[in-house]
Structure formats: structure tokens, C-alpha cells
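One file, start26.txt, is given below (compact mmCIF, C-alpha atoms).
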# COMPACT_ATOMS: atom_id res chain seq x y z
CA MET A 1 -11.99 14.95 19.77
CA ASN A 2 -12.92 16.79 16.59
CA LYS A 3 -16.60 16.38 17.44
CA PRO A 4 -19.29 16.38 14.79
CA LEU A 5 -21.89 19.04 14.49
CA LEU A 6 -22.50 21.66 17.15
CA ALA A 7 -18.92 22.86 17.34
CA ALA A 8 -18.47 22.30 13.65
CA LEU A 9 -21.46 24.33 12.57
CA SER A 10 -20.35 27.13 14.84
CA SER A 11 -16.90 27.04 13.30
CA LEU A 12 -18.44 26.96 9.85
CA ALA A 13 -20.42 30.13 10.52
CA ILE A 14 -17.38 31.89 11.93
CA ALA A 15 -14.95 30.81 9.25
CA GLY A 16 -17.33 31.15 6.32
CA LEU A 17 -16.60 27.63 5.16
CA GLY A 18 -18.52 26.09 2.37
CA ALA A 19 -15.80 27.53 0.23
CA THR A 20 -14.33 25.53 -2.60
CA PRO A 21 -12.13 22.73 -1.26
CA ALA A 22 -8.45 23.49 -1.35
CA VAL A 23 -6.48 21.91 -4.15
CA ALA A 24 -2.84 21.06 -4.44
CA ALA A 25 -0.59 23.73 -5.88
CA PRO A 26 1.05 22.86 -9.19
CA HIS A 27 4.20 20.84 -8.66
CA THR A 28 7.47 22.23 -9.91
CA ALA A 29 10.05 19.55 -10.53
CA ALA A 30 13.30 19.92 -8.64
CA PRO A 31 16.51 20.39 -10.64
CA HIS A 32 17.95 17.10 -11.93
CA ALA A 33 14.63 15.39 -11.11
CA ALA A 34 12.48 16.37 -14.04
CA LYS A 35 10.50 13.13 -13.94
CA ALA A 36 9.68 13.36 -10.24
CA THR A 37 6.10 14.33 -9.46
CA LYS A 38 4.02 14.65 -6.35
CA ALA A 39 1.03 12.42 -5.85
CA THR A 40 -2.33 13.86 -6.78
CA VAL A 41 -4.29 14.23 -3.56
CA SER A 42 -8.04 14.55 -4.11
CA PHE A 43 -11.29 13.38 -2.51
CA ALA A 44 -11.25 10.12 -4.49
CA GLY A 45 -11.54 7.22 -2.07
CA THR A 46 -12.62 9.34 0.88
CA VAL A 47 -16.03 8.80 2.45
CA SER A 48 -18.58 10.75 4.43
CA LEU A 49 -20.17 9.21 7.52
CA SER A 50 -23.25 10.42 9.40
CA ASN A 51 -21.07 12.47 11.74
CA CYS A 52 -17.44 12.00 10.66
CA SER A 53 -15.07 11.55 7.76
CA GLY A 54 -13.19 8.47 6.60
CA SER A 55 -11.55 6.70 3.68
CA VAL A 56 -11.48 3.42 1.80
CA ILE A 57 -8.09 1.92 2.59
CA ARG A 58 -5.88 -0.97 1.59
CA PHE A 59 -2.62 -2.25 3.00
CA PRO A 60 0.58 -3.03 1.09
CA GLY A 61 -0.39 -6.73 1.11
CA SER A 62 -4.03 -6.29 0.11
CA VAL A 63 -5.25 -7.55 -3.26
CA ASP A 64 -8.07 -6.32 -5.49
CA SER A 65 -10.37 -9.22 -4.60
CA ASP A 66 -10.21 -8.46 -0.87
CA PRO A 67 -13.21 -6.94 0.92
CA ALA A 68 -12.79 -3.17 0.97
CA LEU A 69 -12.05 -1.59 4.36
CA VAL A 70 -13.04 1.85 5.64
CA LEU A 71 -10.90 3.75 8.16
CA THR A 72 -12.21 6.36 10.59
CA ASN A 73 -11.80 7.21 14.31
CA GLY A 74 -12.63 5.10 17.31
CA HIS A 75 -14.73 7.97 18.59
CA CYS A 76 -16.78 7.87 15.37
CA LEU A 77 -18.06 4.35 16.16
CA GLU A 78 -21.85 4.27 15.81
CA THR A 79 -22.35 2.55 19.17
CA GLY A 80 -20.49 5.27 21.09
CA PHE A 81 -16.98 5.97 22.35
CA PRO A 82 -15.04 2.83 23.31
CA ALA A 83 -14.12 3.03 27.00
CA PRO A 84 -10.47 3.41 28.04
CA GLY A 85 -8.89 -0.04 27.69
CA GLU A 86 -11.72 -1.35 25.49
CA VAL A 87 -10.95 -3.00 22.16
CA ILE A 88 -13.83 -4.06 19.90
CA THR A 89 -13.37 -6.70 17.20
CA GLY A 90 -15.82 -8.54 14.95
CA GLN A 91 -18.86 -6.47 15.91
CA SER A 92 -21.76 -6.61 13.45
CA SER A 93 -22.45 -3.34 11.62
CA SER A 94 -24.66 -2.11 8.79
CA ARG A 95 -23.26 1.43 8.72
CA THR A 96 -23.25 3.23 5.39
CA PHE A 97 -20.61 5.48 3.83
CA GLY A 98 -20.90 7.98 1.01
CA LEU A 99 -18.08 7.26 -1.47
CA LEU A 100 -16.63 10.39 -3.05
CA ASN A 101 -14.93 10.92 -6.37
CA SER A 102 -11.98 13.23 -6.99
CA ALA A 103 -14.22 16.32 -7.12
CA GLY A 104 -15.88 15.47 -3.81
CA SER A 105 -19.18 14.33 -5.33
CA LYS A 106 -20.90 11.28 -3.86
CA VAL A 107 -20.95 8.48 -6.41
CA ALA A 108 -22.06 5.52 -4.32
CA THR A 109 -23.16 4.28 -0.93
CA LEU A 110 -20.97 1.59 0.61
CA ARG A 111 -22.25 -0.57 3.45
CA ALA A 112 -20.37 -2.24 6.29
CA ASN A 113 -21.06 -5.70 7.57
CA GLN A 114 -18.55 -5.66 10.41
CA VAL A 115 -16.54 -3.47 12.74
CA VAL A 116 -13.26 -5.27 12.24
CA TYR A 117 -11.41 -3.24 14.90
CA SER A 118 -12.17 -0.24 17.08
CA THR A 119 -10.46 1.35 20.06
CA MET A 120 -9.62 4.66 21.70
CA THR A 121 -6.75 3.16 23.68
CA ASP A 122 -3.21 4.09 22.52
CA THR A 123 -4.79 5.21 19.23
CA ASP A 124 -8.20 6.39 18.00
CA VAL A 125 -9.27 4.15 15.15
CA THR A 126 -12.19 2.18 13.74
CA ILE A 127 -11.84 -0.10 10.72
CA TYR A 128 -14.97 -1.38 8.98
CA ARG A 129 -15.28 -4.24 6.50
CA THR A 130 -17.65 -3.48 3.64
CA THR A 131 -19.85 -5.78 1.58
CA THR A 132 -17.90 -5.10 -1.62
CA THR A 133 -14.36 -5.49 -2.94
CA TYR A 134 -11.72 -3.07 -4.18
CA ALA A 135 -12.10 -4.53 -7.67
CA ALA A 136 -15.87 -3.98 -7.69
CA ILE A 137 -15.48 -0.36 -6.54
CA LYS A 138 -12.85 0.27 -9.22
CA SER A 139 -14.95 -1.38 -11.93
CA SER A 140 -18.15 0.47 -11.04
CA TYR A 141 -16.85 3.90 -10.07
CA GLY A 142 -13.23 4.13 -11.24
CA ILE A 143 -12.05 4.78 -7.68
CA SER A 144 -9.07 3.11 -6.03
CA PRO A 145 -8.49 2.80 -2.28
CA LEU A 146 -5.87 4.80 -0.42
CA THR A 147 -2.83 2.78 0.65
CA VAL A 148 -1.76 2.91 4.30
CA GLN A 149 1.97 3.54 4.63
CA ASP A 150 3.68 0.94 6.83
CA THR A 151 6.59 3.13 7.95
CA HIS A 152 6.73 5.96 10.49
CA PRO A 153 6.39 9.43 8.90
CA THR A 154 8.98 12.12 9.57
CA VAL A 155 8.91 15.67 10.90
CA GLY A 156 8.45 18.24 8.15
CA THR A 157 6.52 15.93 5.81
CA ALA A 158 3.98 17.85 3.72
CA ILE A 159 0.50 16.46 4.39
CA LYS A 160 -3.14 17.03 3.55
CA VAL A 161 -6.11 16.23 5.79
CA VAL A 162 -8.99 15.35 3.45
CA SER A 163 -12.46 15.56 4.99
CA GLY A 164 -15.21 13.66 3.19
CA TYR A 165 -17.79 15.06 5.58
CA TRP A 166 -17.09 18.73 4.80
CA LYS A 167 -15.54 18.08 1.38
CA ARG A 168 -12.69 20.26 2.47
CA THR A 169 -8.92 19.79 2.40
CA TYR A 170 -6.40 21.17 4.91
CA SER A 171 -2.72 21.52 3.98
CA CYS A 172 0.17 21.68 6.46
CA ASN A 173 3.23 19.75 7.63
CA VAL A 174 4.07 17.26 10.33
CA ASP A 175 5.20 19.48 13.20
CA GLY A 176 6.27 16.68 15.54
CA PHE A 177 5.26 13.62 17.49
CA VAL A 178 3.76 13.52 20.97
CA TYR A 179 4.91 10.92 23.51
CA ARG A 180 1.46 10.86 25.11
CA LEU A 181 -1.62 12.86 24.18
CA LYS A 182 -4.23 12.93 26.95
CA GLU A 183 -7.86 13.96 26.46
CA GLY A 184 -10.40 13.32 29.18
CA ASP A 185 -10.21 9.64 30.10
CA TRP A 186 -8.22 8.63 27.02
CA THR A 187 -4.49 8.49 26.31
CA TRP A 188 -2.92 8.12 22.86
CA LYS A 189 0.68 7.23 22.08
CA ASP A 190 3.07 8.78 19.53
CA SER A 191 0.40 11.13 18.17
CA LEU A 192 1.15 13.28 15.14
CA ARG A 193 0.99 17.06 15.66
CA TYR A 194 0.17 19.37 12.74
CA THR A 195 1.58 22.77 12.01
CA SER A 196 -1.04 25.44 12.62
CA SER A 197 -2.54 25.67 9.12
CA CYS A 198 -4.37 22.34 9.58
CA ASP A 199 -7.07 24.02 11.68
CA THR A 200 -9.49 21.08 11.55
CA ILE A 201 -13.01 21.28 12.99
CA GLY A 202 -15.77 18.94 14.10
CA GLY A 203 -16.82 16.54 11.35
CA THR A 204 -13.23 16.16 10.14
CA SER A 205 -12.72 13.33 12.64
CA GLY A 206 -11.56 10.22 10.82
CA SER A 207 -10.17 12.08 7.80
CA PRO A 208 -7.15 10.43 6.21
CA VAL A 209 -3.88 12.31 6.64
CA ILE A 210 -2.08 11.92 3.33
CA ASP A 211 1.61 12.37 2.52
CA THR A 212 1.51 14.65 -0.51
CA ALA A 213 4.69 13.15 -1.97
CA THR A 214 3.46 9.54 -1.97
CA GLY A 215 -0.32 9.79 -1.76
CA LYS A 216 -0.28 7.30 1.12
CA VAL A 217 -2.18 7.53 4.40
CA VAL A 218 0.16 8.20 7.34
CA ALA A 219 -2.40 9.00 10.05
CA VAL A 220 -6.08 9.54 10.86
CA ASN A 221 -7.20 12.99 12.01
CA ASN A 222 -8.78 12.97 15.47
CA THR A 223 -8.55 15.97 17.79
CA GLY A 224 -7.42 19.47 18.67
CA ASN A 225 -7.20 21.79 21.65
CA GLU A 226 -10.13 24.17 21.25
CA ASP A 227 -10.19 26.30 24.41
CA GLY A 228 -6.73 26.09 25.96
CA GLU A 229 -7.91 23.84 28.77
CA ARG A 230 -5.63 21.17 30.18
CA CYS A 231 -6.30 17.52 29.27
CA THR A 232 -10.11 17.83 29.11
CA GLU A 233 -12.43 16.62 26.35
CA ASN A 234 -11.82 18.67 23.20
CA ASN A 235 -8.71 20.07 24.89
CA PRO A 236 -5.98 17.44 24.68
CA CYS A 237 -2.64 18.07 26.34
CA GLU A 238 0.80 16.77 25.49
CA VAL A 239 2.71 14.77 28.09
CA ASP A 240 6.40 14.04 27.53
CA ALA A 241 8.39 11.07 28.84
CA ASN A 242 9.21 13.01 32.02
CA GLY A 243 5.57 13.82 32.73
CA THR A 244 5.79 17.48 31.69
CA VAL A 245 2.44 18.73 30.38
CA THR A 246 2.16 21.18 27.47
CA VAL A 247 -1.06 22.78 26.25
CA ARG A 248 -1.20 24.13 22.68
CA GLN A 249 -4.48 25.93 22.10
CA GLY A 250 -5.61 25.84 18.48
CA ILE A 251 -3.25 23.02 17.52
CA ASN A 252 -4.64 19.79 16.08
CA TYR A 253 -3.53 16.18 16.03
CA ALA A 254 -3.82 12.81 14.32
CA GLU A 255 -3.08 9.21 15.25
CA GLN A 256 -0.48 7.41 13.19
CA THR A 257 -1.47 4.38 11.13
CA TYR A 258 1.87 2.81 10.12
CA ASN A 259 1.42 0.10 12.78
CA ILE A 260 -1.91 -1.14 11.41
CA PRO A 261 -0.82 -3.11 8.28
CA ALA A 262 1.18 -5.62 10.33
CA CYS A 263 -2.06 -6.67 12.05
CA PHE A 264 -3.81 -7.69 8.82
CA THR A 265 -3.06 -10.86 6.89
CA THR A 266 -4.27 -12.54 3.69
CA GLY A 267 -7.77 -11.50 2.71
CA ASN A 268 -7.63 -8.32 4.84
CA LYS A 269 -8.23 -10.46 7.92
CA LEU A 270 -7.35 -9.06 11.34
CA ASN A 271 -4.71 -11.02 13.25
CA LEU A 272 -3.69 -9.24 16.44
CA SER A 273 -1.20 -12.04 17.15
CA ALA A 274 0.68 -11.51 13.88
CA THR A 275 4.39 -10.78 14.04
CA GLY A 276 4.95 -7.05 14.41
CA CYS A 277 1.36 -6.26 15.37
CA THR A 278 1.38 -3.75 18.23
CA LEU A 279 -2.27 -2.63 18.26
CA PRO A 280 -4.01 -3.01 21.64
CA LYS A 281 -5.73 -6.37 22.09
CA PRO A 282 -9.10 -7.09 23.72
Here is a file; write its structure as C-alpha cells.
Amino acid sequence: MNKPLLAALSSLAIAGLGATPAVAAPHTAAPHAAKATKATVSFAGTVSLSNCSGSVIRFPGSVDSDPALVLTNGHCLETGFPAPGEVITGQSSSRTFGLLNSAGSKVATLRANQVVYSTMTDTDVTIYRTTTTYAAIKSSYGISPLTVQDTHPTVGTAIKVVSGYWKRTYSCNVDGFVYRLKEGDWTWKDSLRYTSSCDTIGGTSGSPVIDTATGKVVAVNNTGNEDGERCTENNPCEVDANGTVTVRQGINYAEQTYNIPACFTTGNKLNLSATGCTLPKP
């Protein structure tokens, strides 16, 4: 996992981070598509947690009056890593999140009242319900949630990993998809692999992975192979359908989110029995 602080502070000292967050390059319209523009990807709607990053999210079917949801990793859960096979739903929470504006400045503190869903089985995700609504956040702070794309991304897609914890943005492309990604006791399915320029560090866990063309969330950043070890914590390995193991030191990964919207119904309520919902069940 992209663990929080010890490894991250070490990486910060080595890399000299604390630099100005990366910004998107100016978009040049393609011929015969003068009106086409890329989405503006900024820190607006991202959040900082005590040890991780995250974002305020909505689904295609969400409405402004729904309770706002926050997305981060399963391994960022305040009560500790969910065990292999464990799925947590409806757990009380009072966790707070620092809401960022487009420049990366904290403009508000949001508070959770529930862990709606959390697991590290098949994926690595926690979704919190907050005590406020999308409409209230927009009215008070002018910030809209990020929309979770409900279709599978494609290889080559230009993406940005936006860390609210470090207030830093990483830019790269989708390099491919991993049949199984194994790290310690956990196994994740159909993980998204970055090209090498997304060299994420501890504290970036839970960052939204945003398609730069649409501005939609396609994955949640979660891990990378730090030391070249095979399938150990902080050193995930790729396993293909034939069982062949590949280790890619220095390469980082995310867990896709396109399968999450089908599991939420009217009012942003979780329904793991909904048609098309494939998230692991308790």
C-alpha cells in the first residue's frame, strides 16, 4: 500500500517535494474539433485525511440533495486494515476531511457519520457518508463533487492522480490492467497499472485517479512496488490468468471504480443486491 508517513517523509526528503503542484498543460484543440476541450483537473473536491487522500464523489444517478460521499482506500480506514474477505458496511464514524478548493487550499472540514462500505478484498476502497449534502457544499464553498465513471477505462487514457494529502498532482497514462494484484495477504482484481511517471508515495493512498478528457474518477490510487520484492506488503506483484508472477519495481497501481455506481441507489444508499452490483458482500 502507499502507506502514510514514514515512507512518505523519506520520499519527500529525497525527491525535494513541497514543490508547486503540477498543473495541466494548456489544451490545443485537434483539427476539425475546435470546440473540444479537456476537463479542468484541479484539487477542487479532493480531501485530505489524517493519513491519506480522498475525494468527494457522486455517481451518475446522484442528485444535489443527496448526502455527500467521500472515497478513499480500504487501507485508510480509521479502525485499521480490513482483513482478507472482510467487508464492512454501516459502521459508525465521525472522521473528518479537509475539503480543498481548486488551488489546494483547505476551505472547510467535512465530517462523516458512517462508513458506508469498506473492504480490501477484490478492491481497496472505503466510502464514507458525510453529514452534509452536495448542494450545501456547493452553496457554501462553490465546490462540486467528482463524478465516478461507470464504464471501464481503456489502455492509454491520460490520467491524473490528485493527492489532497500532499496537494500534489501526478500525470501519466493507463499502462494496462492486472488480472490479479497480490500484496501480502490481500488480492485485488483488474487493477489499473500506471505508466512510470505516476511515481506516487505514501500519503497519496485514496487519491482519485481522474480521466483528463472527462474529469471523471476512473480509479482510486492504492499501492506500488517499492523495493522489488515479490508479493509482500508495499511490494505488490502481478499474477496473470495462468499464474505467472511479474514484479515491476517502482511501478504504481490503482483500483478501478466503474463497478461502484451500480451498487448505489436513490439517495446514495448502498444496495449490494442491486442489479449489476459486483462489489464483495459481507
Nearest residue to A:Tyr141 out of A:Cys172, A:Val217, A:Cys237, A:Leu110, using all atoms listed in the file?
A:Leu110
Within 9 Å of stretch 254-272 of chain A: each stretch 136-190 of chain A residue with its shortest pair, all atoms listed in the file, as a tab-separated table:
residue	atom	partner	partner_atom	distance
A:Val148	CA	A:Tyr258	CA	6.9
A:Gln149	CA	A:Tyr258	CA	5.5
A:Asp150	CA	A:Tyr258	CA	4.2
A:Thr151	CA	A:Tyr258	CA	5.2
A:His152	CA	A:Tyr258	CA	5.8
A:Pro153	CA	A:Tyr258	CA	8.1
A:Trp188	CA	A:Glu255	CA	7.7
A:Lys189	CA	A:Glu255	CA	8.0
A:Asp190	CA	A:Gln256	CA	7.4
Pick from A:Thr40, A:Thr223, A:Tyr253, A:Met120 nearest to A:Leu192, counting only C-alpha atoms
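Closest candidate: A:Tyr253.
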Residue with smallest distance to A:Ser207 - pool A:Asn2, A:Thr275, A:Thr154, A:Asn221, counting all atoms listed in the file:
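Selected residue with least distance to A:Ser207: A:Asn221.
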At a cut-off of 12 Å from (-6.0, 10.4, 21.3) in the coordinates of the file, what residues are picked up using only C-alpha atoms, written as a count of residues only?
54
